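Trainee: File start-v1.cif follows (mmCIF, C-alpha atoms and all ligand atoms):
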```cif
data_protein
#
loop_
_atom_site.label_atom_id
_atom_site.label_comp_id
_atom_site.auth_asym_id
_atom_site.auth_seq_id
_atom_site.Cartn_x
_atom_site.Cartn_y
_atom_site.Cartn_z
CA MET A 1 -193.45 -25.62 -19.07
CA ARG A 2 -195.79 -23.56 -21.09
CA ASN A 3 -196.77 -23.04 -24.69
CA LYS A 4 -195.48 -19.97 -26.43
CA ALA A 5 -196.36 -18.59 -29.82
CA ARG A 6 -193.68 -18.80 -32.44
CA VAL A 7 -193.66 -17.09 -35.82
CA SER A 8 -192.00 -18.73 -38.76
CA ALA A 9 -190.69 -15.51 -40.18
CA GLU A 10 -190.05 -16.58 -43.74
CA ASP A 11 -193.57 -15.98 -45.03
CA CYS A 12 -194.70 -13.29 -42.61
CA ALA A 13 -196.55 -10.53 -44.40
CA ALA A 14 -196.08 -8.15 -41.47
CA CYS A 15 -199.79 -7.45 -41.70
CA GLY A 16 -200.17 -7.02 -37.98
CA CYS A 17 -203.33 -9.12 -37.69
CA CYS A 18 -201.67 -10.99 -34.84
CA VAL A 19 -200.75 -7.73 -33.10
CA LYS A 20 -204.38 -6.73 -33.05
CA VAL A 21 -205.71 -9.80 -31.33
CA CYS A 22 -203.02 -10.46 -28.73
CA PRO A 23 -204.49 -9.77 -25.30
CA ARG A 24 -201.04 -9.38 -23.76
CA ALA A 25 -199.44 -7.14 -26.37
CA ALA A 26 -196.83 -9.86 -26.64
CA ILE A 27 -196.51 -9.75 -30.37
CA THR A 28 -195.15 -6.84 -32.36
CA VAL A 29 -193.93 -6.21 -35.85
CA PRO A 30 -190.62 -4.43 -35.24
CA HIS A 31 -189.58 -2.15 -38.07
CA GLY A 32 -192.43 -3.52 -40.15
CA VAL A 33 -190.42 -6.53 -41.23
CA CYS A 34 -191.95 -9.54 -39.53
CA ALA A 35 -193.81 -10.41 -36.37
CA VAL A 36 -191.86 -11.22 -33.22
CA VAL A 37 -193.17 -12.77 -30.02
CA ASP A 38 -192.02 -11.57 -26.65
CA ALA A 39 -191.87 -14.91 -24.86
CA ASP A 40 -191.96 -13.25 -21.43
CA ARG A 41 -195.35 -11.75 -22.14
CA CYS A 42 -196.89 -14.52 -24.21
CA VAL A 43 -199.32 -16.72 -22.29
CA GLY A 44 -199.85 -19.15 -25.12
CA CYS A 45 -203.53 -18.40 -25.57
CA GLY A 46 -203.33 -19.15 -29.28
CA LYS A 47 -205.40 -16.20 -30.45
CA CYS A 48 -202.70 -15.07 -32.84
CA VAL A 49 -202.35 -18.61 -34.15
CA ARG A 50 -205.99 -18.68 -35.18
CA GLU A 51 -205.95 -15.14 -36.54
CA CYS A 52 -202.80 -15.17 -38.68
CA PRO A 53 -204.07 -15.26 -42.27
CA ALA A 54 -200.79 -16.74 -43.43
CA SER A 55 -201.08 -19.49 -40.80
CA ILE A 56 -197.45 -19.22 -39.82
CA ILE A 57 -197.75 -18.95 -36.05
CA SER A 58 -197.63 -22.08 -33.97
CA LEU A 59 -197.68 -22.84 -30.28
CA GLU A 60 -194.58 -24.58 -29.07
CA ALA A 61 -193.60 -25.81 -25.67
CA ALA A 62 -191.00 -23.47 -24.26
CA GLU A 63 -188.58 -24.58 -21.61
CA ALA A 64 -189.01 -22.09 -18.76
CA MET B 1 -208.00 -8.92 -20.59
CA LYS B 2 -209.32 -7.00 -23.53
CA ARG B 3 -207.57 -4.27 -25.39
CA GLU B 4 -209.31 -0.96 -24.99
CA ARG B 5 -210.92 0.49 -28.07
CA ARG B 6 -209.14 3.33 -29.79
CA TRP B 7 -210.45 5.82 -32.28
CA TYR B 8 -208.67 4.04 -35.09
CA ASP B 9 -210.50 0.81 -34.41
CA ARG B 10 -213.40 2.38 -36.21
CA MET B 11 -211.59 3.05 -39.47
CA TRP B 12 -213.64 0.31 -41.09
CA ILE B 13 -216.52 2.77 -41.14
CA VAL B 14 -214.41 5.06 -43.29
CA SER B 15 -213.67 2.22 -45.70
CA LEU B 16 -217.30 1.30 -45.95
CA THR B 17 -218.32 4.92 -46.48
CA TYR B 18 -215.75 5.25 -49.22
CA LEU B 19 -217.15 2.30 -51.10
CA ALA B 20 -220.67 3.61 -50.65
CA LEU B 21 -219.83 7.10 -51.88
CA GLY B 22 -218.61 5.63 -55.15
CA PHE B 23 -222.15 4.55 -55.85
CA PHE B 24 -223.38 8.13 -55.63
CA ASN B 25 -220.64 10.18 -57.14
CA ILE B 26 -217.65 8.54 -58.69
CA LEU B 27 -215.47 11.59 -58.10
CA PHE B 28 -215.25 10.62 -54.43
CA ALA B 29 -212.96 7.84 -55.63
CA TRP B 30 -210.14 10.37 -55.54
CA LEU B 31 -210.24 10.20 -51.76
CA GLY B 32 -208.93 6.66 -52.09
CA LEU B 33 -205.52 8.10 -52.84
CA LEU B 34 -205.27 8.72 -49.12
CA CYS B 35 -205.15 5.02 -48.36
CA PHE B 36 -202.54 4.76 -51.03
CA PHE B 37 -200.21 7.46 -49.82
CA ILE B 38 -200.70 7.32 -46.06
CA PRO B 39 -199.34 3.76 -45.69
CA LEU B 40 -196.46 4.52 -48.03
CA ILE B 41 -195.57 7.67 -46.13
CA ILE B 42 -195.81 5.95 -42.75
CA SER B 43 -193.56 3.13 -43.88
CA ALA B 44 -191.08 5.43 -45.59
CA VAL B 45 -190.88 7.98 -42.80
CA ARG B 46 -191.42 5.93 -39.66
CA GLY B 47 -190.17 2.64 -41.02
CA ASN B 48 -192.99 0.56 -39.57
CA LYS B 49 -196.29 -1.00 -40.49
CA ALA B 50 -198.45 0.96 -38.09
CA TYR B 51 -200.86 1.50 -40.95
CA CYS B 52 -201.59 -2.19 -41.18
CA SER B 53 -201.65 -2.99 -37.50
CA LYS B 54 -203.59 0.10 -36.50
CA TYR B 55 -205.28 2.28 -39.04
CA CYS B 56 -206.21 0.25 -42.08
CA GLY B 57 -209.98 0.19 -42.32
CA ARG B 58 -210.09 -2.41 -45.03
CA GLY B 59 -208.29 -4.96 -42.90
CA GLN B 60 -210.63 -4.16 -40.02
CA LEU B 61 -213.63 -4.58 -42.27
CA PHE B 62 -212.57 -8.07 -43.31
CA GLY B 63 -211.72 -8.86 -39.70
CA LEU B 64 -215.20 -7.86 -38.59
CA LEU B 65 -217.10 -9.58 -41.38
CA GLY B 66 -215.13 -12.79 -41.10
CA GLY B 67 -214.48 -12.70 -37.38
CA SER B 68 -217.29 -11.07 -35.41
CA LEU B 69 -219.96 -11.77 -38.00
CA GLY B 70 -218.57 -15.23 -38.58
CA LEU B 71 -218.77 -15.16 -42.35
CA SER B 72 -215.40 -16.78 -42.80
CA ARG B 73 -214.73 -20.50 -43.03
CA LYS B 74 -211.50 -19.84 -41.14
CA ARG B 75 -209.48 -22.35 -43.10
CA ASN B 76 -205.83 -22.08 -43.98
CA MET B 77 -205.11 -20.50 -47.30
CA PRO B 78 -203.52 -22.82 -49.84
CA ARG B 79 -199.79 -22.81 -49.40
CA TRP B 80 -199.04 -21.25 -52.79
CA MET B 81 -201.21 -18.29 -51.96
CA ARG B 82 -199.19 -17.61 -48.86
CA SER B 83 -195.85 -17.89 -50.59
CA LYS B 84 -193.56 -15.00 -51.35
CA TYR B 85 -193.83 -15.73 -55.05
CA PHE B 86 -197.55 -15.23 -55.07
CA ARG B 87 -197.35 -12.12 -52.93
CA TYR B 88 -194.71 -10.45 -55.04
CA GLY B 89 -196.25 -11.75 -58.24
CA PHE B 90 -199.58 -10.27 -57.30
CA LEU B 91 -197.92 -6.99 -56.41
CA ILE B 92 -196.30 -6.80 -59.85
CA PHE B 93 -199.53 -7.73 -61.60
CA PHE B 94 -201.36 -5.14 -59.56
CA LEU B 95 -198.84 -2.42 -60.38
CA VAL B 96 -198.92 -3.25 -64.07
CA MET B 97 -202.70 -3.04 -64.10
CA PHE B 98 -202.43 0.21 -62.19
CA GLY B 99 -200.08 1.50 -64.87
CA VAL B 100 -202.57 0.51 -67.56
CA MET B 101 -205.24 2.42 -65.68
CA LEU B 102 -203.02 5.50 -65.50
CA TRP B 103 -202.29 5.23 -69.21
CA ASN B 104 -206.00 5.09 -70.03
CA THR B 105 -206.51 8.12 -67.86
CA TYR B 106 -203.78 9.91 -69.74
CA LEU B 107 -205.40 9.07 -73.06
CA VAL B 108 -208.62 10.65 -71.89
CA PHE B 109 -206.73 13.67 -70.60
CA ALA B 110 -205.03 14.04 -73.92
CA GLY B 111 -208.35 13.78 -75.69
CA ALA B 112 -207.34 10.66 -77.59
CA ARG B 113 -210.19 8.71 -76.09
CA PRO B 114 -213.68 9.45 -74.82
CA LEU B 115 -214.51 9.07 -71.17
CA GLY B 116 -215.54 5.52 -70.33
CA GLN B 117 -218.28 5.69 -67.75
CA SER B 118 -217.87 2.26 -66.30
CA VAL B 119 -216.17 0.45 -63.48
CA LYS B 120 -214.04 -2.52 -64.36
CA LEU B 121 -214.34 -5.37 -61.93
CA LEU B 122 -211.53 -7.92 -61.65
CA TRP B 123 -209.81 -6.22 -64.58
CA THR B 124 -212.26 -7.71 -67.06
CA LEU B 125 -215.93 -7.23 -66.18
CA ARG B 126 -217.16 -3.86 -67.32
CA LEU B 127 -219.94 -2.64 -65.08
CA PRO B 128 -221.99 0.33 -66.29
CA TRP B 129 -221.66 3.07 -63.69
CA ARG B 130 -223.24 6.01 -65.46
CA TRP B 131 -225.60 6.85 -62.62
CA ALA B 132 -222.73 7.92 -60.40
CA TYR B 133 -221.38 10.44 -62.83
CA HIS B 134 -222.80 13.92 -62.83
CA GLY B 135 -220.14 15.65 -64.83
CA THR B 136 -217.04 17.46 -63.72
CA LEU B 137 -215.92 21.04 -64.03
CA LEU B 138 -212.45 19.84 -64.78
CA SER B 139 -211.12 17.68 -67.56
CA ASP B 140 -212.75 14.37 -68.43
CA GLY B 141 -209.48 12.77 -67.38
CA VAL B 142 -210.26 13.64 -63.78
CA ALA B 143 -213.40 11.55 -64.01
CA GLN B 144 -211.60 8.81 -65.88
CA PHE B 145 -209.09 8.49 -63.08
CA ALA B 146 -211.95 8.30 -60.57
CA PHE B 147 -213.55 5.45 -62.52
CA GLY B 148 -210.22 3.70 -62.81
CA PHE B 149 -209.25 4.12 -59.22
CA TYR B 150 -212.64 3.06 -57.96
CA SER B 151 -212.31 -0.04 -60.12
CA VAL B 152 -209.07 -0.86 -58.35
CA MET B 153 -210.64 -0.38 -54.93
CA LEU B 154 -213.76 -2.36 -55.76
CA THR B 155 -211.78 -5.17 -57.32
CA SER B 156 -209.53 -5.52 -54.33
CA THR B 157 -212.52 -5.44 -52.01
CA VAL B 158 -214.22 -8.20 -53.97
CA LEU B 159 -211.07 -10.33 -53.98
CA GLY B 160 -210.68 -9.68 -50.28
CA LEU B 161 -214.28 -10.68 -49.63
CA ILE B 162 -213.89 -13.92 -51.57
CA THR B 163 -210.77 -14.93 -49.70
CA MET B 164 -212.39 -13.78 -46.47
CA LEU B 165 -215.26 -16.21 -47.07
CA LEU B 166 -213.09 -19.10 -48.19
CA PHE B 167 -210.15 -18.74 -45.87
CA LYS B 168 -209.31 -16.64 -42.84
CA PRO B 169 -211.05 -13.30 -42.29
CA ARG B 170 -208.06 -11.18 -43.18
CA SER B 171 -206.62 -13.39 -45.91
CA TRP B 172 -206.48 -10.36 -48.16
CA CYS B 173 -203.75 -8.97 -45.94
CA VAL B 174 -201.41 -11.76 -47.01
CA TYR B 175 -201.38 -10.68 -50.63
CA CYS B 176 -202.51 -7.07 -50.27
CA PRO B 177 -200.27 -5.06 -52.61
CA MET B 178 -200.18 -2.14 -50.18
CA GLY B 179 -199.10 -4.44 -47.39
CA THR B 180 -196.43 -6.06 -49.53
CA MET B 181 -195.17 -2.69 -50.70
CA THR B 182 -194.98 -1.19 -47.23
CA GLN B 183 -193.25 -4.31 -45.93
CA LEU B 184 -190.72 -4.02 -48.75
CA ILE B 185 -190.06 -0.40 -47.88
CA CYS B 186 -189.61 -1.35 -44.23
CA LYS B 187 -187.25 -4.15 -45.18
CA VAL B 188 -185.12 -1.85 -47.25
CA LYS B 189 -185.07 0.69 -44.46
CA CYS B 190 -183.72 -1.60 -41.80
CA ASP B 191 -181.50 -4.12 -43.40
CA PRO B 192 -179.25 -5.13 -40.50
CA VAL B 193 -182.16 -5.83 -38.19
CA THR B 194 -183.92 -7.79 -40.89
CA GLU B 195 -181.20 -10.35 -40.94
CA LYS B 196 -181.38 -10.87 -37.22
CA SER B 197 -185.08 -11.03 -36.62
CA ALA B 198 -185.78 -12.84 -39.84
CA GLU B 199 -183.71 -15.74 -38.62
CA SER B 200 -185.90 -16.94 -35.84
CA GLY B 201 -188.92 -14.77 -35.18
CA HIS B 202 -188.05 -14.89 -31.51
CA ASN B 203 -186.94 -12.27 -29.11
CA GLN B 204 -183.18 -12.18 -28.86
CA ASP B 205 -182.65 -8.50 -29.23
CA LYS B 206 -185.64 -7.19 -27.46
CA GLU B 207 -184.33 -3.70 -26.75
CA ASN B 208 -183.62 -3.23 -30.35
CA GLU B 209 -187.03 -4.34 -31.44
CA ARG B 210 -189.08 -2.55 -28.86
CA THR B 211 -187.94 0.81 -30.12
CA CYS B 212 -189.89 0.64 -33.30
CA ASP B 213 -193.50 0.56 -32.38
S1 LIG C 1 -200.63 -12.22 -38.61
FE1 LIG C 1 -199.16 -13.71 -39.43
S2 LIG C 1 -198.46 -12.81 -41.36
FE2 LIG C 1 -199.45 -11.17 -40.20
S3 LIG C 1 -197.78 -10.18 -39.06
FE3 LIG C 1 -198.64 -11.72 -37.72
S4 LIG C 1 -197.38 -13.53 -38.08
FE4 LIG C 1 -196.99 -12.16 -39.79
S1 LIG C 2 -200.38 -16.92 -27.96
FE1 LIG C 2 -201.75 -15.36 -27.09
S2 LIG C 2 -200.43 -14.20 -25.67
FE2 LIG C 2 -199.07 -15.38 -27.01
S3 LIG C 2 -198.58 -13.93 -28.65
FE3 LIG C 2 -200.31 -15.16 -29.35
S4 LIG C 2 -202.10 -13.95 -28.81
FE4 LIG C 2 -200.37 -13.13 -27.63
S1 LIG C 3 -202.18 -5.71 -45.53
FE1 LIG C 3 -203.42 -4.29 -46.76
S2 LIG C 3 -205.53 -4.61 -46.12
FE2 LIG C 3 -204.21 -5.60 -44.60
S3 LIG C 3 -203.97 -4.07 -43.02
FE3 LIG C 3 -202.24 -3.79 -44.43
S4 LIG C 3 -202.88 -2.28 -45.96
FE4 LIG C 3 -204.70 -2.99 -44.85
#
```
Translate the structure of the given file into C-alpha cells.
Mentor:
Amino acid sequence: MRNKARVSAEDCAACGCCVKVCPRAAITVPHGVCAVVDADRCVGCGKCVRECPASIISLEAAEA
Amino acid sequence: MKRERRWYDRMWIVSLTYLALGFFNILFAWLGLLCFFIPLIISAVRGNKAYCSKYCGRGQLFGLLGGSLGLSRKRNMPRWMRSKYFRYGFLIFFLVMFGVMLWNTYLVFAGARPLGQSVKLLWTLRLPWRWAYHGTLLSDGVAQFAFGFYSVMLTSTVLGLITMLLFKPRSWCVYCPMGTMTQLICKVKCDPVTEKSAESGHNQDKENERTCD
C-alpha cells in the first residue's frame, strides 16, 4: 500500500505547476483541461501537493 | 531524480527584462502582446496548456521568488479565491478593463484625447511615467497603447507578487486571466474527453490522455 497523488478536478486551473515539480513526470494536464495523475508512475512524494496553488491535490492510500 | 533544465526554464529572465524595459522606454510594452497571443495560439492550435506548464516566464518568476527564494508564506489560498466563480469573475473584470484600455487608446488615436503619460496601477493609482517616454514617430495612440498595456502587465505582476507573498508561490496562476482563457479554449476544443477526465482526475483512459502532451 502506497500513497498516490489525487487531483480533485473540479477547481483545477490546469496551470501545470504540478507538472513542473513532479520528479517522475507522473502528472500531466491532458488537453489542457485538468491535471491527471498516472498512478503507476506516482511515488507519492507529495511535491505536487505542496506546489499546487489551488491546493486541490491530496495524497491518498491506493490499494496496490 | 531531478528534471533536467531546458531552455524554456529560463523564460523568467525574459519576463523580468520585459518589466525592466518598460522603465526605460514604454514602447517596449508592445512586446507584451507576445505573451498574450502565444498562449492563445498554442491552446487554439495544439489544444493544450504547454504555455503554462513550460514556457510562461511569469509563472516561473513567481515560482522562483516564492519557492527558491522562499518569499512565500506557502499557505492555502482562501477557498473563494480558488473557486470557479472568482476565476471567471476575475477574467471578465480583466477583459472589461482591457476593453476600457483599448477604448482610451482609440480616443487618443482619434485625437479626441491627449496622450496620458502615466501607468495605471491596479486600475486606479496613476503613476507618472513620463521619463520612459521619448516620443514616437507614429501616432500618439501607439504610445497610449504602450502605457495601457504596460499598466495591465504591471498590475498583474503586482497582484501576483502579493498573492505570492501571502499564499503559495504561484497563486497568481489560479486566477491568471490568460490561464483561465487558455483552459477555456482547451475545454471547448475537447469536450468528450473533458467529461471523462473531469469526473475523477485519475487515469482510466491513459492512452487517450497521453497523446496530448
Ligand atoms: S497545480 Fe493544481 S491547479 Fe494547477 S494543474 Fe496542477 S492540480 Fe491543477
Ligand atoms: S506525489 Fe510526487 S510522484 Fe506523485 S504526482 Fe505528485 S509529485 Fe509526482
Ligand atoms: S496561469 Fe498565467 S501566469 Fe500561470 S503559467 Fe499560465 S499563463 Fe503563466
Trainee: List as a ChimeraX atom specification the protein and nucleic acid residues lying within 6 Å of ligand LIG 3 (chain C), with only C-alpha atoms and all ligand atoms counted.
Mentor: /A:15 /B:52,56,58-59,173,176,178-179
Trainee: Leaving out Cys42 (chain A) and any residue of its chain fewer than 3 positions from it, which residues lie within 8 Å of it when counting only C-alpha atoms, given as number ranges by chain?
Mentor: A: 4-5, 24, 26-27, 37-39, 45
Trainee: Write out as AutoDock Vina command-line options an axis-aligned box for ligand LIG 2 (chain C): all of its atoms listed in the file, 6 Å added on each side, centre and edge lengths in Å with one decimal.
Mentor:
```
--center_x -200.3 --center_y -15.0 --center_z -27.5 --size_x 15.5 --size_y 15.8 --size_z 15.7
```
Trainee: Return as a PDB file with C-alpha atoms, in the frame of the given file the residues of protein, DNA or RNA that approach ligand LIG 1 (chain C) to within 7 Å, with all atoms listed in the file taken into account.
Mentor:
```pdb
ATOM      1  CA  VAL A   7    -193.660 -17.090 -35.820  1.00  0.00           C
ATOM      2  CA  ASP A  11    -193.570 -15.980 -45.030  1.00  0.00           C
ATOM      3  CA  CYS A  12    -194.700 -13.290 -42.610  1.00  0.00           C
ATOM      4  CA  ALA A  13    -196.550 -10.530 -44.400  1.00  0.00           C
ATOM      5  CA  ALA A  14    -196.080  -8.150 -41.470  1.00  0.00           C
ATOM      6  CA  CYS A  15    -199.790  -7.450 -41.700  1.00  0.00           C
ATOM      7  CA  GLY A  16    -200.170  -7.020 -37.980  1.00  0.00           C
ATOM      8  CA  CYS A  17    -203.330  -9.120 -37.690  1.00  0.00           C
ATOM      9  CA  CYS A  18    -201.670 -10.990 -34.840  1.00  0.00           C
ATOM     10  CA  VAL A  19    -200.750  -7.730 -33.100  1.00  0.00           C
ATOM     11  CA  VAL A  29    -193.930  -6.210 -35.850  1.00  0.00           C
ATOM     12  CA  CYS A  34    -191.950  -9.540 -39.530  1.00  0.00           C
ATOM     13  CA  ALA A  35    -193.810 -10.410 -36.370  1.00  0.00           C
ATOM     14  CA  CYS A  48    -202.700 -15.070 -32.840  1.00  0.00           C
ATOM     15  CA  GLU A  51    -205.950 -15.140 -36.540  1.00  0.00           C
ATOM     16  CA  CYS A  52    -202.800 -15.170 -38.680  1.00  0.00           C
ATOM     17  CA  PRO A  53    -204.070 -15.260 -42.270  1.00  0.00           C
ATOM     18  CA  ALA A  54    -200.790 -16.740 -43.430  1.00  0.00           C
ATOM     19  CA  SER A  55    -201.080 -19.490 -40.800  1.00  0.00           C
ATOM     20  CA  ILE A  56    -197.450 -19.220 -39.820  1.00  0.00           C
ATOM     21  CA  ILE A  57    -197.750 -18.950 -36.050  1.00  0.00           C
TER      22      ILE A  57
ATOM     23  CA  VAL B 174    -201.410 -11.760 -47.010  1.00  0.00           C
TER      24      VAL B 174
END
```
Trainee: Would you list the contacts of region 124-130 of chain B as a PyMOL selection string, taking every protein, DNA or RNA residue within 12 Å and counting all atoms listed in the file, but skipping same-chain residues closer than 4 positions in sequence?
Mentor: chain B and resi 22-27+97+115-120+134-135+143-144+146-148+150-152+154-155
Trainee: Selection from above, C-alpha atoms, as an mmCIF file, in the coordinates of the input, can you write it?
Mentor:
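Result file is again.cif:
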```cif
data_model
loop_
_atom_site.group_PDB
_atom_site.id
_atom_site.type_symbol
_atom_site.label_atom_id
_atom_site.label_comp_id
_atom_site.auth_asym_id
_atom_site.auth_seq_id
_atom_site.Cartn_x
_atom_site.Cartn_y
_atom_site.Cartn_z
ATOM 1 C CA GLY B 22 -218.610 5.630 -55.150
ATOM 2 C CA PHE B 23 -222.150 4.550 -55.850
ATOM 3 C CA PHE B 24 -223.380 8.130 -55.630
ATOM 4 C CA ASN B 25 -220.640 10.180 -57.140
ATOM 5 C CA ILE B 26 -217.650 8.540 -58.690
ATOM 6 C CA LEU B 27 -215.470 11.590 -58.100
ATOM 7 C CA MET B 97 -202.700 -3.040 -64.100
ATOM 8 C CA LEU B 115 -214.510 9.070 -71.170
ATOM 9 C CA GLY B 116 -215.540 5.520 -70.330
ATOM 10 C CA GLN B 117 -218.280 5.690 -67.750
ATOM 11 C CA SER B 118 -217.870 2.260 -66.300
ATOM 12 C CA VAL B 119 -216.170 0.450 -63.480
ATOM 13 C CA LYS B 120 -214.040 -2.520 -64.360
ATOM 14 C CA HIS B 134 -222.800 13.920 -62.830
ATOM 15 C CA GLY B 135 -220.140 15.650 -64.830
ATOM 16 C CA ALA B 143 -213.400 11.550 -64.010
ATOM 17 C CA GLN B 144 -211.600 8.810 -65.880
ATOM 18 C CA ALA B 146 -211.950 8.300 -60.570
ATOM 19 C CA PHE B 147 -213.550 5.450 -62.520
ATOM 20 C CA GLY B 148 -210.220 3.700 -62.810
ATOM 21 C CA TYR B 150 -212.640 3.060 -57.960
ATOM 22 C CA SER B 151 -212.310 -0.040 -60.120
ATOM 23 C CA VAL B 152 -209.070 -0.860 -58.350
ATOM 24 C CA LEU B 154 -213.760 -2.360 -55.760
ATOM 25 C CA THR B 155 -211.780 -5.170 -57.320
#
```
Trainee: Counting only C-alpha atoms, find the residues whose atoms lie at most 10 Å from (-212.2, -11.2, -40.7) (file coordinates) and write them out as an MDAnalysis selection string.
Mentor: (chainID A and resid 17 51 53) or (chainID B and resid 59:74 160:161 163:165 167:172)
Trainee: Let me see the file: selected residues, C-alpha atoms, as a compact mmCIF listing (two decimals), in the coordinates of the input.
Mentor:
```txt
# COMPACT_ATOMS: atom_id res chain seq x y z
CA CYS A 17 -203.33 -9.12 -37.69
CA GLU A 51 -205.95 -15.14 -36.54
CA PRO A 53 -204.07 -15.26 -42.27
CA GLY B 59 -208.29 -4.96 -42.90
CA GLN B 60 -210.63 -4.16 -40.02
CA LEU B 61 -213.63 -4.58 -42.27
CA PHE B 62 -212.57 -8.07 -43.31
CA GLY B 63 -211.72 -8.86 -39.70
CA LEU B 64 -215.20 -7.86 -38.59
CA LEU B 65 -217.10 -9.58 -41.38
CA GLY B 66 -215.13 -12.79 -41.10
CA GLY B 67 -214.48 -12.70 -37.38
CA SER B 68 -217.29 -11.07 -35.41
CA LEU B 69 -219.96 -11.77 -38.00
CA GLY B 70 -218.57 -15.23 -38.58
CA LEU B 71 -218.77 -15.16 -42.35
CA SER B 72 -215.40 -16.78 -42.80
CA ARG B 73 -214.73 -20.50 -43.03
CA LYS B 74 -211.50 -19.84 -41.14
CA GLY B 160 -210.68 -9.68 -50.28
CA LEU B 161 -214.28 -10.68 -49.63
CA THR B 163 -210.77 -14.93 -49.70
CA MET B 164 -212.39 -13.78 -46.47
CA LEU B 165 -215.26 -16.21 -47.07
CA PHE B 167 -210.15 -18.74 -45.87
CA LYS B 168 -209.31 -16.64 -42.84
CA PRO B 169 -211.05 -13.30 -42.29
CA ARG B 170 -208.06 -11.18 -43.18
CA SER B 171 -206.62 -13.39 -45.91
CA TRP B 172 -206.48 -10.36 -48.16
```
Trainee: Quick one: residues within 8 Å of Met181 (chain B), only C-alpha atoms counted, chain neighbours fewer than 3 positions away excluded, as an NGL selection string?
Mentor: :B and (40 or 91 or 177-178 or 184-185)
Trainee: Here is a test: counting all atoms listed in the file, which residue of A:Ala25, A:Val33, A:Val49, A:Ala61 is nearest to chain B?
Mentor: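 Answer, going by the shortest atom-to-atom distance: A:Val33.
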Trainee: Nearest residue to chain B out of A:Val43, A:Arg2, A:Ala62, A:Arg50, using all atoms listed in the file?
Mentor: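 The answer is A:Arg50, which sits nearest to chain B.
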Trainee: Which residue, A:Val36, A:Cys22, A:Glu60, A:Arg41, has the smallest gap to ligand LIG 2 (chain C) when you use only C-alpha atoms and all ligand atoms?
Mentor: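 Ranked by minimum distance to ligand LIG 2 (chain C), first place goes to A:Cys22.
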Trainee: How many Å separate CA of Ala50 (chain B) from CA of Gly44 (chain A)?
Mentor: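 A separation of 24.0 Å between them.
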Trainee: Could you add the missing atoms to region 64-68 of chain B, up to all heavy atoms, and return them as a CSV table (one decimal), in the frame of the given file?
Mentor:
```
chain,number,residue,atom,x,y,z
B,64,LEU,N,-213.9,-7.9,-39.2
B,64,LEU,CA,-215.2,-7.9,-38.6
B,64,LEU,C,-216.2,-8.8,-39.3
B,64,LEU,O,-216.8,-9.6,-38.6
B,64,LEU,CB,-215.8,-6.5,-38.7
B,64,LEU,CG,-215.3,-5.5,-37.6
B,64,LEU,CD1,-215.8,-4.1,-37.9
B,64,LEU,CD2,-215.7,-5.9,-36.2
B,65,LEU,N,-216.2,-8.7,-40.6
B,65,LEU,CA,-217.1,-9.6,-41.4
B,65,LEU,C,-216.8,-11.1,-41.1
B,65,LEU,O,-217.7,-11.9,-40.9
B,65,LEU,CB,-217.0,-9.3,-42.9
B,65,LEU,CG,-217.5,-7.9,-43.3
B,65,LEU,CD1,-217.2,-7.7,-44.8
B,65,LEU,CD2,-219.0,-7.8,-43.0
B,66,GLY,N,-215.5,-11.4,-41.2
B,66,GLY,CA,-215.1,-12.8,-41.1
B,66,GLY,C,-215.1,-13.2,-39.7
B,66,GLY,O,-215.4,-14.4,-39.3
B,67,GLY,N,-214.7,-12.3,-38.8
B,67,GLY,CA,-214.5,-12.7,-37.4
B,67,GLY,C,-215.8,-12.6,-36.6
B,67,GLY,O,-216.4,-13.5,-36.3
B,68,SER,N,-216.1,-11.3,-36.3
B,68,SER,CA,-217.3,-11.1,-35.4
B,68,SER,C,-218.6,-11.6,-36.0
B,68,SER,O,-219.4,-12.1,-35.4
B,68,SER,CB,-217.4,-9.6,-35.1
B,68,SER,OG,-216.2,-9.1,-34.8
```
